[in-house]
Amino acid sequence: MRALMQDWSLTLDKIFDHAARWHGEREVVTRSVEGPITRSTYADLHRRAKQVSHALLEAGVKPGDRVATMGWNSDRHLEAWYGTIGIGAILHTLNPRLFPEQIVYIANHAGDEVLLADPACAPLLAEILPQCPGIRQVVFLSEEAPETPFPAQAYEAWIAGRPTDTPWGGFDENDAAGLCYTSGTTGNPKGVLYGHRSNYLHAMMTLQPDALNLSARDTVMLIVPMYHANAWGVMYSAPMVGAKLVLPGQKLDGASLHELIETEGVTYSAGVPTIWQMLLTHLKETGGKLTTLQRVTVGGSACPESIFRTLHDDYGVDVIHGWGMTETSPLATVSVPSPEIADLGFEAQLPYKLKQGRLLCNLDLKLVNDAGERLPHDGKTFGRLLIKGPTIASGYFRAEGGEVLDDEGFFDTGDVSTIDPEGYMQITDRAKDVIKSGGEWISSIDIENIAVGADGVACAAVIGIAHPKWDERPLLIIEPKPGAAPTREQLLTYLEGKIAKWWMPDDVAFVEKIPLGATGKINKLALRETFKDYKLPSAQAAE
Ligand code: ADP
């Protein structure tokens, strides 16, 4: 028997209609590409997004066509976002930090036709556009278009005077809405194709009190770039609840972020650990305070204990650790306290907060060994982590990578983790970064997280180096803080007693800068390349 409920398809245009109609006066604040901080409202942005839709339709964009953006977090980017998906076209967020040849590959693979870009991307575009023949129109997300060797328009002139009531919707909730490529730390970039329904559900899942817990009373600053992993869903979740939104543009340094947090009264924010580290360094140097910020979600890579502690002890900010990946929309687990630990103090809760957390509703997780057999949730046994649900990719765009689900329909995340009896999942490593020493696995992440707490260490990375006896042994790579000169012995002594004896790095190398990838994570591919001929002292002894 069919239910007697109304037919209301979960399409994303409805989220922005709702924000404009019921939270219309709520502010959206941007550090603009022109420099000044600009203010507008959901109602204004909605009208302008409709103008974008009109311009796109006039440019011949049809449902299912790809419209690319290449820009920092801004109000115009948000308008372009909804202006695209509102007419059933697919928003492809390109990451300007990738290498030009990667961008060319991705734009051609995606089949982008129209490109909306920040003016700062002009030199990059001059280089890549001749190799992207499919892109037939370029619009700069600015007042004025910079001088370019290719034809381009300025966004403001492009949308000016257009109707503000271009119709949206009318497509299926399972139609595609967004396209986002994984940053390629695991090989060729692959496209993840989000749907209206999947993003709608993801936003609702992430809004729950035991997830991000956003509300109309929050002022949300989105530091995670809009091109990174579906902007962690915040482009949907913040308008869905009518939260005030702060978009920091290109300036993500500690001073600029701190200024916005304080002047706009930001209560919640989300970003990768390196961003928080930069902000904390700035606050320490200047004696700055965080008077409004209540909680932050940190994810994308493991959040070091020092960030949890400093934000909690010195600034009264609660850190919510989140885990996910581009393929999981992205948020899938969050480390909020379960009732069993909710009344314990910070110190007792910390071990749980440091884990990547408990699963959101609608999803299922399993841990398996190499034979695909399920492993116990005892908090100790680690295995490959697989995930299933309506917000999880079922395959990649243009069938890249072939079949990605196992016979129970689970997606292999490529992460290695444990799950404890309370349901907290902890990432121990990426399957390809795990160090295989004598048939046992050593977690590079665990060692990094501890090593980063040693005196004089700005950043720590651990990679496996070939070893004649053990297959691989860990090498600890250290980027010292400016002016500091920690020694090999100091670091190894620091690790003693904090990690198992057989996990102890066989050597320590010092570098000026640990390379970060396009989304701020340690670039292990580059490190492996740098250290490919490295000989461990223990390997020479064993030879
Ligand atoms: P890419 O795969 O291109 O690096 P993603 O942003 O999709 O881009 O990265 C997802 C991966 O990042 C996860 O599979 C996991 O390894 C890692 N990751 C994400 N959040 C966390 C976290 N809180 N702790 C540890 N690792 C994380």
# chains A, B, ... in the order shown; residues from 1 in each chain; ligands from 1
call {"tool": "residues_around", "arguments": {"residues": "A:Val266", "least_positions_apart": "4", "cutoff": "6 Å", "atoms": "only C-alpha atoms", "output": "list of chain:residue names"}}
result
A:Thr219, A:Val220, A:Ile261, A:Thr292, A:Leu293
call {"tool": "select_by_dssp", "arguments": {"residues": "stretch 277-433 of chain A", "states": "helix (DSSP H, G or I)", "output": "ChimeraX atom specification"}}
result
/A:277-286,305-315,326-328,339-342,346-353,397-399
call {"tool": "residues_near_ligand", "arguments": {"ligand": "ligand 1", "cutoff": "8 Å", "atoms": "only C-alpha atoms and all ligand atoms", "output": "MDAnalysis selection string"}}
result
chainID A and resid 181:186 189 228:229 298:303 321:328 330 355:356 413:415 426:430 445 519 521
call {"tool": "residues_around", "arguments": {"residues": "A:Gly111", "least_positions_apart": "6", "cutoff": "12 Å", "atoms": "only C-alpha atoms", "output": "MDAnalysis selection string"}}
result
chainID A and resid 64:68 90:92 103:105 132:136 179 191 397:398
call {"tool": "closest_residue", "arguments": {"among": "A:Asn523, A:Thr38, A:Thr391, A:Asn108", "to": "A:Tyr200", "atoms": "only C-alpha atoms"}}
result
A:Thr391
call {"tool": "residues_around", "arguments": {"residues": "A:His312", "least_positions_apart": "6", "cutoff": "12 Å", "atoms": "only C-alpha atoms", "output": "list in words"}}
result
Leu280, Leu290, Leu293, Gln294, Arg295, Val296, Glu305, Ser306, Asp318, Val319, Ile320, Gly345, Phe346, Glu347, Leu350 and Lys353 of chain A
call {"tool": "write_last_selection", "arguments": {"atoms": "C-alpha atoms", "output": "PDB file, in the first residue's frame"}}
result
ATOM      1  CA  LEU A 280      46.598  29.124  17.136  1.00  0.00           C
ATOM      2  CA  LEU A 290      38.297  33.910  20.764  1.00  0.00           C
ATOM      3  CA  LEU A 293      33.712  30.787  18.897  1.00  0.00           C
ATOM      4  CA  GLN A 294      32.121  27.791  20.625  1.00  0.00           C
ATOM      5  CA  ARG A 295      32.970  24.772  18.529  1.00  0.00           C
ATOM      6  CA  VAL A 296      34.864  23.723  15.463  1.00  0.00           C
ATOM      7  CA  GLU A 305      46.007  16.275  20.450  1.00  0.00           C
ATOM      8  CA  SER A 306      47.748  19.621  20.915  1.00  0.00           C
ATOM      9  CA  ASP A 318      35.136  22.448  21.739  1.00  0.00           C
ATOM     10  CA  VAL A 319      36.745  20.445  18.917  1.00  0.00           C
ATOM     11  CA  ILE A 320      34.554  17.962  17.086  1.00  0.00           C
ATOM     12  CA  GLY A 345      35.832  15.518  32.430  1.00  0.00           C
ATOM     13  CA  PHE A 346      37.849  16.711  29.455  1.00  0.00           C
ATOM     14  CA  GLU A 347      40.829  14.444  30.223  1.00  0.00           C
ATOM     15  CA  LEU A 350      39.938  13.196  25.223  1.00  0.00           C
ATOM     16  CA  LYS A 353      37.469  12.840  21.032  1.00  0.00           C
TER      17      LYS A 353
END
call {"tool": "residues_around", "arguments": {"residues": "A:Lys380", "least_positions_apart": "2", "cutoff": "12 Å", "atoms": "only C-alpha atoms", "output": "list of chain:residue names"}}
result
A:Leu367, A:Leu375, A:Pro376, A:His377, A:Asp378, A:Phe382, A:Gly383, A:Val416, A:Ser417, A:Thr418, A:Ile419, A:Asp420, A:Pro421, A:Tyr424, A:Met425, A:Gln426, A:Ile427, A:Thr428
call {"tool": "write_last_selection", "arguments": {"atoms": "all heavy atoms", "output": "compact mmCIF listing (two decimals), in the first residue's frame"}}
result
# COMPACT_ATOMS: atom_id res chain seq x y z
N LEU A 367 34.51 -3.43 9.24
CA LEU A 367 35.96 -3.58 9.26
C LEU A 367 36.25 -4.97 8.72
O LEU A 367 35.65 -5.93 9.19
CB LEU A 367 36.45 -3.60 10.70
CG LEU A 367 36.94 -2.38 11.41
CD1 LEU A 367 37.62 -2.80 12.70
CD2 LEU A 367 37.86 -1.57 10.55
N LEU A 375 35.92 -8.11 11.02
CA LEU A 375 36.78 -8.14 12.20
C LEU A 375 36.01 -7.60 13.40
O LEU A 375 35.03 -6.86 13.23
CB LEU A 375 38.02 -7.28 11.94
CG LEU A 375 38.94 -7.77 10.81
CD1 LEU A 375 40.00 -6.73 10.48
CD2 LEU A 375 39.59 -9.10 11.19
N PRO A 376 36.43 -7.97 14.62
CA PRO A 376 35.69 -7.53 15.81
C PRO A 376 35.82 -6.03 16.08
O PRO A 376 36.82 -5.41 15.71
CB PRO A 376 36.36 -8.33 16.95
CG PRO A 376 37.70 -8.69 16.43
CD PRO A 376 37.57 -8.82 14.94
N HIS A 377 34.82 -5.47 16.73
CA HIS A 377 34.85 -4.06 17.17
C HIS A 377 35.38 -4.03 18.60
O HIS A 377 34.64 -3.78 19.54
CB HIS A 377 33.45 -3.45 17.10
CG HIS A 377 32.92 -3.35 15.70
ND1 HIS A 377 31.74 -2.72 15.39
CD2 HIS A 377 33.43 -3.79 14.52
CE1 HIS A 377 31.55 -2.79 14.08
NE2 HIS A 377 32.55 -3.43 13.53
N ASP A 378 36.67 -4.29 18.75
CA ASP A 378 37.25 -4.36 20.09
C ASP A 378 38.18 -3.18 20.36
O ASP A 378 38.84 -3.13 21.40
CB ASP A 378 38.01 -5.69 20.27
CG ASP A 378 39.11 -5.87 19.22
OD1 ASP A 378 39.40 -4.90 18.49
OD2 ASP A 378 39.67 -6.98 19.12
N PHE A 382 42.81 -3.92 13.83
CA PHE A 382 42.56 -3.00 12.74
C PHE A 382 42.51 -3.66 11.38
O PHE A 382 43.16 -4.65 11.12
CB PHE A 382 43.39 -1.72 12.75
CG PHE A 382 44.88 -1.79 12.92
CD1 PHE A 382 45.71 -1.67 11.83
CD2 PHE A 382 45.43 -1.88 14.19
CE1 PHE A 382 47.09 -1.66 11.99
CE2 PHE A 382 46.81 -1.88 14.35
CZ PHE A 382 47.65 -1.77 13.26
N GLY A 383 41.64 -3.09 10.55
CA GLY A 383 41.42 -3.65 9.22
C GLY A 383 40.93 -2.58 8.29
O GLY A 383 40.85 -1.40 8.66
N VAL A 416 42.47 2.42 6.97
CA VAL A 416 42.61 1.31 7.89
C VAL A 416 42.22 1.85 9.26
O VAL A 416 42.64 2.95 9.63
CB VAL A 416 44.08 0.82 7.90
CG1 VAL A 416 44.30 -0.21 8.98
CG2 VAL A 416 44.44 0.28 6.54
N SER A 417 41.38 1.10 9.99
CA SER A 417 40.91 1.66 11.26
C SER A 417 40.56 0.58 12.27
O SER A 417 40.58 -0.61 11.95
CB SER A 417 39.69 2.55 11.02
OG SER A 417 38.55 1.77 10.85
N THR A 418 40.25 1.03 13.47
CA THR A 418 39.67 0.16 14.50
C THR A 418 38.28 0.72 14.82
O THR A 418 38.00 1.89 14.52
CB THR A 418 40.49 0.20 15.81
OG1 THR A 418 40.52 1.56 16.27
CG2 THR A 418 41.91 -0.28 15.61
N ILE A 419 37.45 -0.11 15.43
CA ILE A 419 36.17 0.37 15.97
C ILE A 419 36.09 -0.19 17.39
O ILE A 419 36.31 -1.40 17.59
CB ILE A 419 34.96 -0.11 15.12
CG1 ILE A 419 35.09 0.40 13.68
CG2 ILE A 419 33.64 0.37 15.75
CD1 ILE A 419 33.98 -0.06 12.74
N ASP A 420 35.81 0.68 18.37
CA ASP A 420 35.80 0.17 19.75
C ASP A 420 34.39 -0.26 20.14
O ASP A 420 33.42 -0.03 19.40
CB ASP A 420 36.43 1.20 20.70
CG ASP A 420 35.57 2.43 20.91
OD1 ASP A 420 34.37 2.39 20.60
OD2 ASP A 420 36.12 3.44 21.39
N PRO A 421 34.25 -0.92 21.31
CA PRO A 421 32.93 -1.44 21.69
C PRO A 421 31.87 -0.33 21.83
O PRO A 421 30.68 -0.59 21.71
CB PRO A 421 33.19 -2.12 23.04
CG PRO A 421 34.65 -2.42 23.04
CD PRO A 421 35.31 -1.34 22.25
N TYR A 424 33.15 3.93 18.57
CA TYR A 424 34.05 4.98 18.05
C TYR A 424 35.04 4.36 17.07
O TYR A 424 35.75 3.42 17.41
CB TYR A 424 34.84 5.64 19.19
CG TYR A 424 34.00 6.59 20.02
CD1 TYR A 424 33.20 6.11 21.05
CD2 TYR A 424 34.01 7.95 19.77
CE1 TYR A 424 32.42 6.97 21.81
CE2 TYR A 424 33.25 8.82 20.52
CZ TYR A 424 32.46 8.32 21.54
OH TYR A 424 31.70 9.18 22.28
N MET A 425 35.05 4.93 15.90
CA MET A 425 35.99 4.47 14.86
C MET A 425 37.25 5.30 14.97
O MET A 425 37.18 6.51 15.25
CB MET A 425 35.32 4.66 13.50
CG MET A 425 36.09 4.14 12.33
SD MET A 425 37.31 5.28 11.73
CE MET A 425 36.28 6.48 10.92
N GLN A 426 38.39 4.65 14.79
CA GLN A 426 39.65 5.40 14.78
C GLN A 426 40.47 5.02 13.56
O GLN A 426 40.76 3.84 13.34
CB GLN A 426 40.46 5.11 16.05
CG GLN A 426 41.75 5.90 16.07
CD GLN A 426 42.42 5.89 17.43
OE1 GLN A 426 42.25 4.94 18.18
NE2 GLN A 426 43.14 6.94 17.74
N ILE A 427 40.82 6.03 12.78
CA ILE A 427 41.66 5.79 11.61
C ILE A 427 43.07 5.49 12.10
O ILE A 427 43.63 6.26 12.88
CB ILE A 427 41.71 7.04 10.71
CG1 ILE A 427 40.32 7.43 10.21
CG2 ILE A 427 42.70 6.86 9.56
CD1 ILE A 427 39.78 6.59 9.10
N THR A 428 43.62 4.37 11.66
CA THR A 428 45.02 4.11 12.03
C THR A 428 45.93 4.52 10.88
O THR A 428 47.08 4.85 11.11
CB THR A 428 45.26 2.64 12.41
OG1 THR A 428 44.33 1.84 11.73
CG2 THR A 428 45.10 2.42 13.87
call {"tool": "residues_around", "arguments": {"residues": "stretch 230-233 of chain A", "least_positions_apart": "3", "cutoff": "7 Å", "atoms": "only C-alpha atoms", "output": "number ranges by chain"}}
result
A: 180, 202-203, 224-227, 236-237, 326, 329-331
call {"tool": "write_last_selection", "arguments": {"atoms": "C-alpha atoms", "output": "short mmCIF file (atom, residue, chain, number, x, y, z; two decimals), in the first residue's frame"}}
result
data_model
loop_
_atom_site.label_atom_id
_atom_site.label_comp_id
_atom_site.auth_asym_id
_atom_site.auth_seq_id
_atom_site.Cartn_x
_atom_site.Cartn_y
_atom_site.Cartn_z
CA CYS A 180 34.01 16.89 -7.17
CA HIS A 202 23.73 14.48 3.90
CA ALA A 203 22.84 18.00 5.01
CA VAL A 224 37.06 24.51 4.14
CA PRO A 225 37.29 25.59 0.53
CA MET A 226 34.10 25.17 -1.46
CA TYR A 227 36.04 22.96 -3.89
CA TYR A 236 23.46 23.07 2.08
CA SER A 237 23.36 22.68 5.85
CA THR A 326 35.01 13.11 -1.05
CA SER A 329 29.72 13.46 0.76
CA PRO A 330 31.93 13.77 2.99
CA LEU A 331 30.91 13.59 6.66
#
call {"tool": "atom_distance", "arguments": {"atom1": "atom CA of A:Glu58", "atom2": "atom CA of A:Glu113"}}
result
13.2 Å
call {"tool": "closest_residue", "arguments": {"among": "A:Lys481, A:Leu78, A:Ala393, A:Leu125", "to": "A:Thr148", "atoms": "only C-alpha atoms"}}
result
A:Leu125
call {"tool": "residues_around", "arguments": {"residues": "A:Trp168", "least_positions_apart": "3", "cutoff": "8 Å", "atoms": "only C-alpha atoms", "output": "number ranges by chain"}}
result
A: 13, 86-88
call {"tool": "write_last_selection", "arguments": {"atoms": "all heavy atoms", "output": "PDB file, in the first residue's frame"}}
result
ATOM      1  N   ASP A  13      17.509  22.862  -4.805  1.00  0.00           N
ATOM      2  CA  ASP A  13      17.005  24.226  -5.007  1.00  0.00           C
ATOM      3  C   ASP A  13      16.035  24.607  -3.890  1.00  0.00           C
ATOM      4  O   ASP A  13      15.934  25.767  -3.486  1.00  0.00           O
ATOM      5  CB  ASP A  13      16.316  24.339  -6.372  1.00  0.00           C
ATOM      6  CG  ASP A  13      15.313  23.209  -6.583  1.00  0.00           C
ATOM      7  OD1 ASP A  13      15.742  22.040  -6.571  1.00  0.00           O
ATOM      8  OD2 ASP A  13      14.108  23.490  -6.712  1.00  0.00           O
ATOM      9  N   GLY A  86      20.161  24.803  -9.523  1.00  0.00           N
ATOM     10  CA  GLY A  86      18.730  25.124  -9.567  1.00  0.00           C
ATOM     11  C   GLY A  86      18.092  24.777 -10.904  1.00  0.00           C
ATOM     12  O   GLY A  86      16.902  24.464 -10.975  1.00  0.00           O
ATOM     13  N   ILE A  87      18.879  24.826 -11.987  1.00  0.00           N
ATOM     14  CA  ILE A  87      18.315  24.504 -13.314  1.00  0.00           C
ATOM     15  C   ILE A  87      18.689  23.088 -13.755  1.00  0.00           C
ATOM     16  O   ILE A  87      18.569  22.737 -14.925  1.00  0.00           O
ATOM     17  CB  ILE A  87      18.755  25.533 -14.390  1.00  0.00           C
ATOM     18  CG1 ILE A  87      20.285  25.640 -14.459  1.00  0.00           C
ATOM     19  CG2 ILE A  87      18.117  26.898 -14.115  1.00  0.00           C
ATOM     20  CD1 ILE A  87      20.799  26.419 -15.669  1.00  0.00           C
ATOM     21  N   GLY A  88      19.178  22.297 -12.803  1.00  0.00           N
ATOM     22  CA  GLY A  88      19.452  20.888 -13.115  1.00  0.00           C
ATOM     23  C   GLY A  88      20.809  20.655 -13.755  1.00  0.00           C
ATOM     24  O   GLY A  88      21.116  19.534 -14.166  1.00  0.00           O
TER      25      GLY A  88
END
call {"tool": "closest_residue", "arguments": {"among": "A:Met70, A:Ala89, A:Ala19, A:Val192", "to": "A:Val139", "atoms": "only C-alpha atoms"}}
result
A:Met70
call {"tool": "closest_residue", "arguments": {"among": "A:Tyr42, A:Gly35, A:His258, A:Thr166", "to": "A:Glu143", "atoms": "only C-alpha atoms"}}
result
A:Gly35
call {"tool": "atom_distance", "arguments": {"atom1": "atom CA of A:Ala484", "atom2": "atom CA of A:Pro515"}}
result
18.9 Å
call {"tool": "decode", "arguments": {"residues": "stretch 128-148 of chain A", "atoms": "N, CA and C atoms", "output": "PDB file, in the first residue's frame"}}
result
ATOM      1  N   ILE A 128      45.896  27.034 -19.076  1.00  0.00           N
ATOM      2  CA  ILE A 128      45.178  25.758 -19.275  1.00  0.00           C
ATOM      3  C   ILE A 128      44.089  25.805 -20.356  1.00  0.00           C
ATOM      4  N   LEU A 129      43.481  26.974 -20.566  1.00  0.00           N
ATOM      5  CA  LEU A 129      42.323  27.004 -21.478  1.00  0.00           C
ATOM      6  C   LEU A 129      42.628  26.511 -22.893  1.00  0.00           C
ATOM      7  N   PRO A 130      43.821  26.820 -23.455  1.00  0.00           N
ATOM      8  CA  PRO A 130      44.081  26.283 -24.797  1.00  0.00           C
ATOM      9  C   PRO A 130      44.014  24.753 -24.855  1.00  0.00           C
ATOM     10  N   GLN A 131      44.164  24.125 -23.681  1.00  0.00           N
ATOM     11  CA  GLN A 131      44.112  22.655 -23.664  1.00  0.00           C
ATOM     12  C   GLN A 131      42.739  22.124 -23.238  1.00  0.00           C
ATOM     13  N   CYS A 132      41.796  23.032 -23.037  1.00  0.00           N
ATOM     14  CA  CYS A 132      40.446  22.619 -22.621  1.00  0.00           C
ATOM     15  C   CYS A 132      39.427  23.143 -23.634  1.00  0.00           C
ATOM     16  N   PRO A 133      39.366  22.541 -24.804  1.00  0.00           N
ATOM     17  CA  PRO A 133      38.520  23.086 -25.884  1.00  0.00           C
ATOM     18  C   PRO A 133      37.030  23.060 -25.545  1.00  0.00           C
ATOM     19  N   GLY A 134      36.632  22.223 -24.598  1.00  0.00           N
ATOM     20  CA  GLY A 134      35.204  22.120 -24.263  1.00  0.00           C
ATOM     21  C   GLY A 134      34.666  23.346 -23.532  1.00  0.00           C
ATOM     22  N   ILE A 135      35.562  24.125 -22.899  1.00  0.00           N
ATOM     23  CA  ILE A 135      35.090  25.289 -22.126  1.00  0.00           C
ATOM     24  C   ILE A 135      34.833  26.433 -23.102  1.00  0.00           C
ATOM     25  N   ARG A 136      33.544  26.773 -23.261  1.00  0.00           N
ATOM     26  CA  ARG A 136      33.214  27.741 -24.302  1.00  0.00           C
ATOM     27  C   ARG A 136      32.890  29.118 -23.750  1.00  0.00           C
ATOM     28  N   GLN A 137      32.813  29.233 -22.443  1.00  0.00           N
ATOM     29  CA  GLN A 137      32.531  30.556 -21.869  1.00  0.00           C
ATOM     30  C   GLN A 137      33.226  30.687 -20.512  1.00  0.00           C
ATOM     31  N   VAL A 138      33.861  31.845 -20.305  1.00  0.00           N
ATOM     32  CA  VAL A 138      34.533  32.098 -19.028  1.00  0.00           C
ATOM     33  C   VAL A 138      33.967  33.379 -18.421  1.00  0.00           C
ATOM     34  N   VAL A 139      33.607  33.293 -17.163  1.00  0.00           N
ATOM     35  CA  VAL A 139      33.079  34.458 -16.448  1.00  0.00           C
ATOM     36  C   VAL A 139      33.911  34.630 -15.179  1.00  0.00           C
ATOM     37  N   PHE A 140      34.372  35.846 -14.916  1.00  0.00           N
ATOM     38  CA  PHE A 140      35.146  36.091 -13.698  1.00  0.00           C
ATOM     39  C   PHE A 140      34.228  36.525 -12.568  1.00  0.00           C
ATOM     40  N   LEU A 141      34.382  35.879 -11.415  1.00  0.00           N
ATOM     41  CA  LEU A 141      33.511  36.135 -10.260  1.00  0.00           C
ATOM     42  C   LEU A 141      33.922  37.456  -9.603  1.00  0.00           C
ATOM     43  N   SER A 142      33.736  38.557 -10.344  1.00  0.00           N
ATOM     44  CA  SER A 142      34.195  39.858  -9.848  1.00  0.00           C
ATOM     45  C   SER A 142      33.419  40.976 -10.529  1.00  0.00           C
ATOM     46  N   GLU A 143      33.661  42.184 -10.040  1.00  0.00           N
ATOM     47  CA  GLU A 143      33.082  43.402 -10.577  1.00  0.00           C
ATOM     48  C   GLU A 143      33.577  43.635 -12.010  1.00  0.00           C
ATOM     49  N   GLU A 144      34.928  43.540 -12.148  1.00  0.00           N
ATOM     50  CA  GLU A 144      35.580  43.795 -13.436  1.00  0.00           C
ATOM     51  C   GLU A 144      36.342  42.541 -13.851  1.00  0.00           C
ATOM     52  N   ALA A 145      36.385  42.286 -15.154  1.00  0.00           N
ATOM     53  CA  ALA A 145      37.192  41.147 -15.628  1.00  0.00           C
ATOM     54  C   ALA A 145      38.622  41.603 -15.845  1.00  0.00           C
ATOM     55  N   PRO A 146      39.593  40.798 -15.414  1.00  0.00           N
ATOM     56  CA  PRO A 146      40.988  41.172 -15.683  1.00  0.00           C
ATOM     57  C   PRO A 146      41.286  41.053 -17.179  1.00  0.00           C
ATOM     58  N   GLU A 147      42.369  41.686 -17.610  1.00  0.00           N
ATOM     59  CA  GLU A 147      42.798  41.561 -19.016  1.00  0.00           C
ATOM     60  C   GLU A 147      43.282  40.138 -19.246  1.00  0.00           C
ATOM     61  N   THR A 148      42.776  39.507 -20.279  1.00  0.00           N
ATOM     62  CA  THR A 148      43.188  38.126 -20.541  1.00  0.00           C
ATOM     63  C   THR A 148      43.373  37.913 -22.040  1.00  0.00           C
TER      64      THR A 148
END
